[in-house]
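> The structure file target-v2.csv (CSV, C-alpha atoms) is provided below.
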```
chain,number,residue,atom,x,y,z
A,1,MET,CA,0.0,0.0,0.0
A,2,LYS,CA,1.3,3.5,-0.9
A,3,PHE,CA,2.0,5.9,2.0
A,4,THR,CA,-0.8,8.2,1.0
A,5,GLU,CA,-3.3,5.4,0.8
A,6,ARG,CA,-2.3,4.2,4.3
A,7,ALA,CA,-2.4,7.8,5.7
A,8,TRP,CA,-5.8,8.5,4.2
A,9,GLU,CA,-7.1,5.3,5.7
A,10,ILE,CA,-5.7,6.2,9.2
A,11,PHE,CA,-7.0,9.8,9.0
A,12,ASN,CA,-10.5,8.6,8.2
A,13,GLN,CA,-10.4,6.0,11.0
A,14,SER,CA,-9.4,8.8,13.4
A,15,ILE,CA,-12.3,11.0,12.2
A,16,GLN,CA,-14.8,8.1,12.5
A,17,ASP,CA,-13.6,7.3,16.0
A,18,TYR,CA,-13.8,10.9,17.1
A,19,HIS,CA,-17.4,11.2,15.8
A,20,LEU,CA,-18.6,8.2,17.8
A,21,ALA,CA,-18.8,10.6,20.8
A,22,ASP,CA,-18.3,13.9,18.9
A,23,ASP,CA,-17.0,15.6,22.0
A,24,VAL,CA,-13.9,17.8,22.1
A,25,HIS,CA,-13.4,16.7,25.8
A,26,GLN,CA,-13.0,13.0,25.0
A,27,THR,CA,-9.6,11.3,25.4
A,28,ILE,CA,-7.8,9.9,22.4
A,29,ASN,CA,-7.7,6.1,22.3
A,30,ASN,CA,-5.0,5.6,19.6
A,31,ARG,CA,-5.6,2.4,17.7
A,32,TYR,CA,-1.9,2.1,16.8
A,33,ASP,CA,0.8,1.7,19.5
A,34,GLU,CA,4.3,3.0,19.1
A,35,THR,CA,5.6,-0.3,17.7
A,36,ASN,CA,4.2,0.9,14.4
A,37,LEU,CA,5.4,4.5,14.9
A,38,ILE,CA,4.2,6.2,11.7
A,39,ASP,CA,0.7,4.8,12.0
A,40,HIS,CA,0.6,5.9,15.7
A,41,LEU,CA,1.8,9.4,14.7
A,42,LEU,CA,-0.6,9.8,11.8
A,43,TYR,CA,-3.6,8.8,13.9
A,44,LYS,CA,-2.6,11.2,16.7
A,45,LYS,CA,-1.9,14.0,14.3
A,46,ASN,CA,-5.3,13.7,12.7
A,47,TRP,CA,-7.0,13.4,16.1
A,48,ILE,CA,-5.5,16.7,17.1
A,49,ASP,CA,-6.7,18.3,13.8
A,50,THR,CA,-10.2,16.9,14.3
A,51,VAL,CA,-10.5,18.2,17.8
A,52,GLN,CA,-9.2,21.6,16.7
A,53,TRP,CA,-11.7,21.6,13.8
A,54,HIS,CA,-14.5,21.4,16.2
A,55,LEU,CA,-13.0,23.9,18.6
A,56,GLU,CA,-12.9,26.4,15.7
A,57,ASP,CA,-16.6,25.7,15.1
A,58,ILE,CA,-17.5,26.3,18.7
A,59,ILE,CA,-15.6,29.5,19.2
A,60,ARG,CA,-17.5,31.1,16.2
A,61,ASP,CA,-20.8,30.8,18.0
A,62,PRO,CA,-22.0,34.4,18.0
A,63,ALA,CA,-23.7,33.9,21.4
A,64,ILE,CA,-20.6,32.4,23.1
A,65,ASP,CA,-19.8,33.6,26.5
A,66,PRO,CA,-16.6,35.8,26.3
A,67,VAL,CA,-14.9,34.1,29.2
A,68,GLU,CA,-15.6,30.7,27.6
A,69,ALA,CA,-14.3,32.1,24.2
A,70,LEU,CA,-11.0,33.1,25.9
A,71,LYS,CA,-10.6,29.6,27.3
A,72,LEU,CA,-11.2,28.1,23.9
A,73,LYS,CA,-8.7,30.5,22.3
A,74,ARG,CA,-6.0,29.4,24.7
A,75,TRP,CA,-7.0,25.7,24.0
A,76,ILE,CA,-6.7,26.4,20.3
A,77,ASP,CA,-3.3,27.9,20.8
A,78,LYS,CA,-2.2,24.9,22.8
A,79,SER,CA,-3.6,22.6,20.0
A,80,ASN,CA,-1.7,24.5,17.4
A,81,GLN,CA,1.5,23.9,19.3
A,82,GLU,CA,0.7,20.2,19.6
A,83,ARG,CA,0.0,20.1,15.9
A,84,THR,CA,3.4,21.6,15.1
A,85,ASP,CA,5.1,19.2,17.4
A,86,MET,CA,3.4,16.3,15.7
A,87,VAL,CA,4.6,17.6,12.3
A,88,GLU,CA,8.1,17.7,13.6
A,89,TYR,CA,7.8,14.1,15.0
A,90,ILE,CA,6.6,12.9,11.6
A,91,ASP,CA,9.5,14.7,9.8
A,92,SER,CA,11.9,13.0,12.2
A,93,TRP,CA,10.4,9.7,11.1
A,94,PHE,CA,10.9,10.6,7.4
A,95,LEU,CA,14.5,11.7,8.1
A,96,GLN,CA,15.2,8.2,9.5
A,97,GLN,CA,13.5,6.6,6.5
A,98,TYR,CA,15.8,8.3,4.0
A,99,ALA,CA,19.0,8.5,6.1
A,100,HIS,CA,20.5,5.7,4.0
A,101,VAL,CA,19.9,7.5,0.7
A,102,GLU,CA,22.9,8.8,-1.2
A,103,ILE,CA,21.9,12.3,-2.3
A,104,LYS,CA,22.8,13.0,-6.0
A,105,GLU,CA,24.8,15.9,-7.2
A,106,GLY,CA,22.4,18.6,-8.1
A,107,ALA,CA,19.7,17.3,-5.9
A,108,LYS,CA,17.0,19.9,-5.1
A,109,ILE,CA,15.3,20.9,-1.9
A,110,ASN,CA,11.5,21.1,-1.7
A,111,THR,CA,9.6,24.2,-0.6
A,112,GLU,CA,8.1,22.2,2.4
A,113,SER,CA,9.0,19.1,4.3
A,114,PRO,CA,7.0,16.0,3.7
A,115,ALA,CA,5.3,16.2,7.1
A,116,TRP,CA,3.9,19.6,6.3
A,117,ALA,CA,2.4,18.1,3.2
A,118,VAL,CA,1.0,15.4,5.4
A,119,ASP,CA,-0.5,18.1,7.6
A,120,ARG,CA,-2.4,19.6,4.7
A,121,PHE,CA,-3.4,16.0,3.7
A,122,SER,CA,-4.9,15.5,7.2
A,123,ILE,CA,-6.9,18.7,7.0
A,124,LEU,CA,-8.1,17.7,3.6
A,125,SER,CA,-9.5,14.5,5.0
A,126,LEU,CA,-11.5,16.6,7.5
A,127,LYS,CA,-12.8,18.9,4.7
A,128,VAL,CA,-14.0,15.9,2.7
A,129,TYR,CA,-15.7,14.3,5.7
A,130,HIS,CA,-17.6,17.5,6.8
A,131,MET,CA,-18.5,18.5,3.2
A,132,GLN,CA,-20.0,15.0,2.8
A,133,GLN,CA,-22.0,15.7,5.9
A,134,GLU,CA,-23.4,18.8,4.3
A,135,VAL,CA,-24.3,16.9,1.2
A,136,ASP,CA,-26.2,14.3,3.3
A,137,ARG,CA,-28.0,16.8,5.6
A,138,VAL,CA,-31.6,15.9,5.7
A,139,ASP,CA,-32.7,19.4,6.8
A,140,ALA,CA,-30.7,21.2,4.0
A,141,SER,CA,-32.2,22.5,0.8
A,142,ALA,CA,-31.6,21.0,-2.6
A,143,GLU,CA,-29.6,24.1,-3.6
A,144,HIS,CA,-27.4,23.8,-0.5
A,145,LYS,CA,-26.7,20.1,-1.2
A,146,ALA,CA,-25.9,20.7,-4.9
A,147,ALA,CA,-23.5,23.5,-4.0
A,148,CYS,CA,-21.8,21.3,-1.4
A,149,GLN,CA,-21.6,18.5,-3.9
A,150,LEU,CA,-19.7,20.7,-6.3
A,151,LYS,CA,-17.3,21.6,-3.5
A,152,LEU,CA,-17.0,17.9,-2.5
A,153,ASP,CA,-16.1,17.0,-6.1
A,154,ILE,CA,-13.3,19.5,-6.0
A,155,LEU,CA,-12.0,18.3,-2.7
A,156,LYS,CA,-11.9,14.7,-4.0
A,157,GLN,CA,-9.9,15.9,-7.0
A,158,GLN,CA,-7.6,17.7,-4.6
A,159,HIS,CA,-7.2,14.4,-2.7
A,160,GLN,CA,-6.1,12.7,-5.9
A,161,ASP,CA,-3.7,15.5,-6.8
A,162,MET,CA,-2.2,15.7,-3.4
A,163,SER,CA,-1.7,11.9,-3.2
A,164,ILE,CA,0.2,12.0,-6.5
A,165,ALA,CA,2.3,15.0,-5.4
A,166,ILE,CA,3.2,13.5,-2.0
A,167,GLU,CA,4.1,10.1,-3.6
A,168,GLU,CA,6.3,11.8,-6.2
A,169,LEU,CA,8.1,13.8,-3.5
A,170,LEU,CA,8.7,10.6,-1.5
A,171,ASN,CA,10.0,8.9,-4.6
A,172,ASP,CA,12.4,11.8,-5.2
A,173,PHE,CA,13.7,11.5,-1.7
A,174,GLU,CA,14.2,7.7,-2.1
A,175,ALA,CA,16.0,8.2,-5.4
A,176,GLY,CA,18.2,11.0,-4.0
A,177,ASP,CA,16.8,13.5,-6.5
A,178,LYS,CA,15.6,15.7,-3.6
A,179,TYR,CA,16.8,16.0,-0.1
A,180,MET,CA,15.1,16.8,3.2
A,181,LYS,CA,16.0,19.9,5.2
A,182,VAL,CA,13.9,20.4,8.3
A,183,TYR,CA,13.5,23.6,10.2
A,184,LYS,CA,12.1,23.7,13.7
A,185,GLN,CA,9.1,26.1,13.6
A,186,MET,CA,10.2,28.1,16.6
A,187,LYS,CA,6.8,29.3,17.4
A,188,MET,CA,7.1,32.4,19.5
A,189,TYR,CA,3.6,33.2,20.9
A,190,ASN,CA,3.7,30.4,23.5
A,191,ASP,CA,7.3,31.0,24.6
A,192,GLU,CA,7.7,33.0,27.8
A,193,ASP,CA,11.1,34.2,26.6
A,194,LEU,CA,10.0,35.3,23.1
A,195,ASN,CA,6.5,36.6,23.5
A,196,PRO,CA,6.9,40.2,24.7
A,197,VAL,CA,3.5,40.2,26.5
A,198,LEU,CA,4.5,37.0,28.4
A,199,TYR,CA,8.0,38.1,29.4
A,200,ALA,CA,6.7,41.5,30.4
A,201,SER,CA,4.2,39.9,32.7
A,202,LYS,CA,7.0,38.1,34.6
A,203,LYS,CA,8.7,41.4,35.6
```
Is it possible to give me this structure as structure tokens?


Amino acid sequence: MKFTERAWEIFNQSIQDYHLADDVHQTINNRYDETNLIDHLLYKKNWIDTVQWHLEDIIRDPAIDPVEALKLKRWIDKSNQERTDMVEYIDSWFLQQYAHVEIKEGAKINTESPAWAVDRFSILSLKVYHMQQEVDRVDASAEHKAACQLKLDILKQQHQDMSIAIEELLNDFEAGDKYMKVYKQMKMYNDEDLNPVLYASKK
């Protein structure tokens, strides 16, 4: 099975598992232990994305209590940091996979690391799932369903295109035609030494 086929399968399993309870407070029960590290990481990555998707829905409630909204904003910030951490873990896995490859002279670097492509792939799986929900909504108008079906068709085409692009990138890494170079994201807003509001509050 190709990497993208396996990733898509795991992402959709994560989404289905989340929606059994459909509760942002539920605890992850990862189906894959760390003996199969990449499956474990992919499931956890998508679970974080799925919870955050629903947090982003909740915080947009126009009637939300402002105090609750602030709590949710901080939760989303924490989730964004976890998402970034998971991307870096997945990139570490990719680095190990291609550590043996002899990089060819003239090999090129890609604009993004493979794990950031996987990040977009995970978000795409959520878009497909939730757009399908809109197509299937029993209380929606025919016009709404038709408009959402058009969007769903585009998302499915994007899935095909992204799958091809990711597989081609991985093949280029394996052949030594491209090489990985990973930058730690160095997010500043959660860092007490880098966020001026946080370090000023410690004085």

> In Å to one decimal, how far is CA of Gln13 in chain A from CA of Asn46 in chain A?

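Interatomic distance here is 9.4 Å.
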
> So that I can check the surroundings of range 167-176 of chain A, please list as a ChimeraX atom specification every protein, DNA and RNA residue that reaches within 6 Å of it, counting only C-alpha atoms and ignoring chain neighbours fewer than 5 positions away.

/A:102-104

> How close does range 145-186 of chain A get to range 120-132 of chain A? List, as a Markdown table, each residue of range 145-186 of chain A within 7 Å, its nearest atom pair and the distance in Å to one decimal, counting all atoms listed in the file.


```
| residue | atom | partner | partner_atom | distance |
| --- | --- | --- | --- | --- |
| A:Cys148 | CA | A:Met131 | CA | 6.3 |
| A:Leu152 | CA | A:Met131 | CA | 5.9 |
| A:Leu155 | CA | A:Val128 | CA | 6.2 |
```

> Please identify all polymer residues within 12 Å of Ile90 in chain A, counting only C-alpha atoms, omitting same-chain residues fewer than 2 positions from it, and present them as a tab-separated table (two decimals) with C-alpha atoms, in the coordinates of the input.


```
chain	number	residue	atom	x	y	z
A	7	ALA	CA	-2.40	7.80	5.70
A	37	LEU	CA	5.40	4.50	14.90
A	38	ILE	CA	4.20	6.20	11.70
A	39	ASP	CA	0.70	4.80	12.00
A	40	HIS	CA	0.60	5.90	15.70
A	41	LEU	CA	1.80	9.40	14.70
A	42	LEU	CA	-0.60	9.80	11.80
A	43	TYR	CA	-3.60	8.80	13.90
A	44	LYS	CA	-2.60	11.20	16.70
A	45	LYS	CA	-1.90	14.00	14.30
A	46	ASN	CA	-5.30	13.70	12.70
A	83	ARG	CA	0.00	20.10	15.90
A	84	THR	CA	3.40	21.60	15.10
A	85	ASP	CA	5.10	19.20	17.40
A	86	MET	CA	3.40	16.30	15.70
A	87	VAL	CA	4.60	17.60	12.30
A	88	GLU	CA	8.10	17.70	13.60
A	92	SER	CA	11.90	13.00	12.20
A	93	TRP	CA	10.40	9.70	11.10
A	94	PHE	CA	10.90	10.60	7.40
A	95	LEU	CA	14.50	11.70	8.10
A	96	GLN	CA	15.20	8.20	9.50
A	97	GLN	CA	13.50	6.60	6.50
A	113	SER	CA	9.00	19.10	4.30
A	114	PRO	CA	7.00	16.00	3.70
A	115	ALA	CA	5.30	16.20	7.10
A	116	TRP	CA	3.90	19.60	6.30
A	117	ALA	CA	2.40	18.10	3.20
A	118	VAL	CA	1.00	15.40	5.40
A	119	ASP	CA	-0.50	18.10	7.60
A	182	VAL	CA	13.90	20.40	8.30
```

> Would you kindly return, as a list in words, each protein, DNA or RNA residue with an atom no farther than 12 Å from any atom of Ser79 in chain A, considering all atoms listed in the file and excluding same-chain residues fewer than 2 positions away?

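Contacts, with the query itself left out: Val24, Lys44, Lys45, Asn46, Trp47, Ile48, Asp49, Thr50, Val51, Gln52, Trp53, His54, Leu55, Glu56, Leu72, Lys73, Arg74, Trp75, Ile76, Asp77, Gln81, Glu82, Arg83, Thr84, Asp85, Met86 and Asn190 of chain A.
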
> In Å, how far is it from CA of Thr35 in chain A to CA of Ile15 in chain A?

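Going from CA of Thr35 in chain A over to CA of Ile15 in chain A covers 21.9 Å.
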
> To one decimal place in Å, what is the distance between CA of Ser163 in chain A and CA of Lys2 in chain A?

9.2 Å

> Pick from A:Arg31, A:Leu150, A:Val67, A:Met1: nearest to Asp17 in chain A, with only C-alpha atoms counted?

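Of all the options, A:Arg31 lies closest to Asp17 in chain A.
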
> Name the closest residue to Asp91 in chain A among the candidates A:Arg60, A:Arg137, A:Lys181, A:Arg6; distances are taken between atoms, counting all atoms listed in the file.

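Once distances to Asp91 in chain A are computed over all atoms listed in the file, the minimum belongs to A:Lys181.
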
> May I have the residues within 10 Å of His144 in chain A as a PyMOL selection string, using all atoms listed in the file and disregarding those fewer than 5 positions away in the same chain?

chain A and resi 134-135+137+149

> Between A:Lys202, A:Ala165, A:Ile59, A:Lys178, single out the one closest to Phe3 in chain A, counting all atoms listed in the file.

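Closest candidate: A:Ala165.
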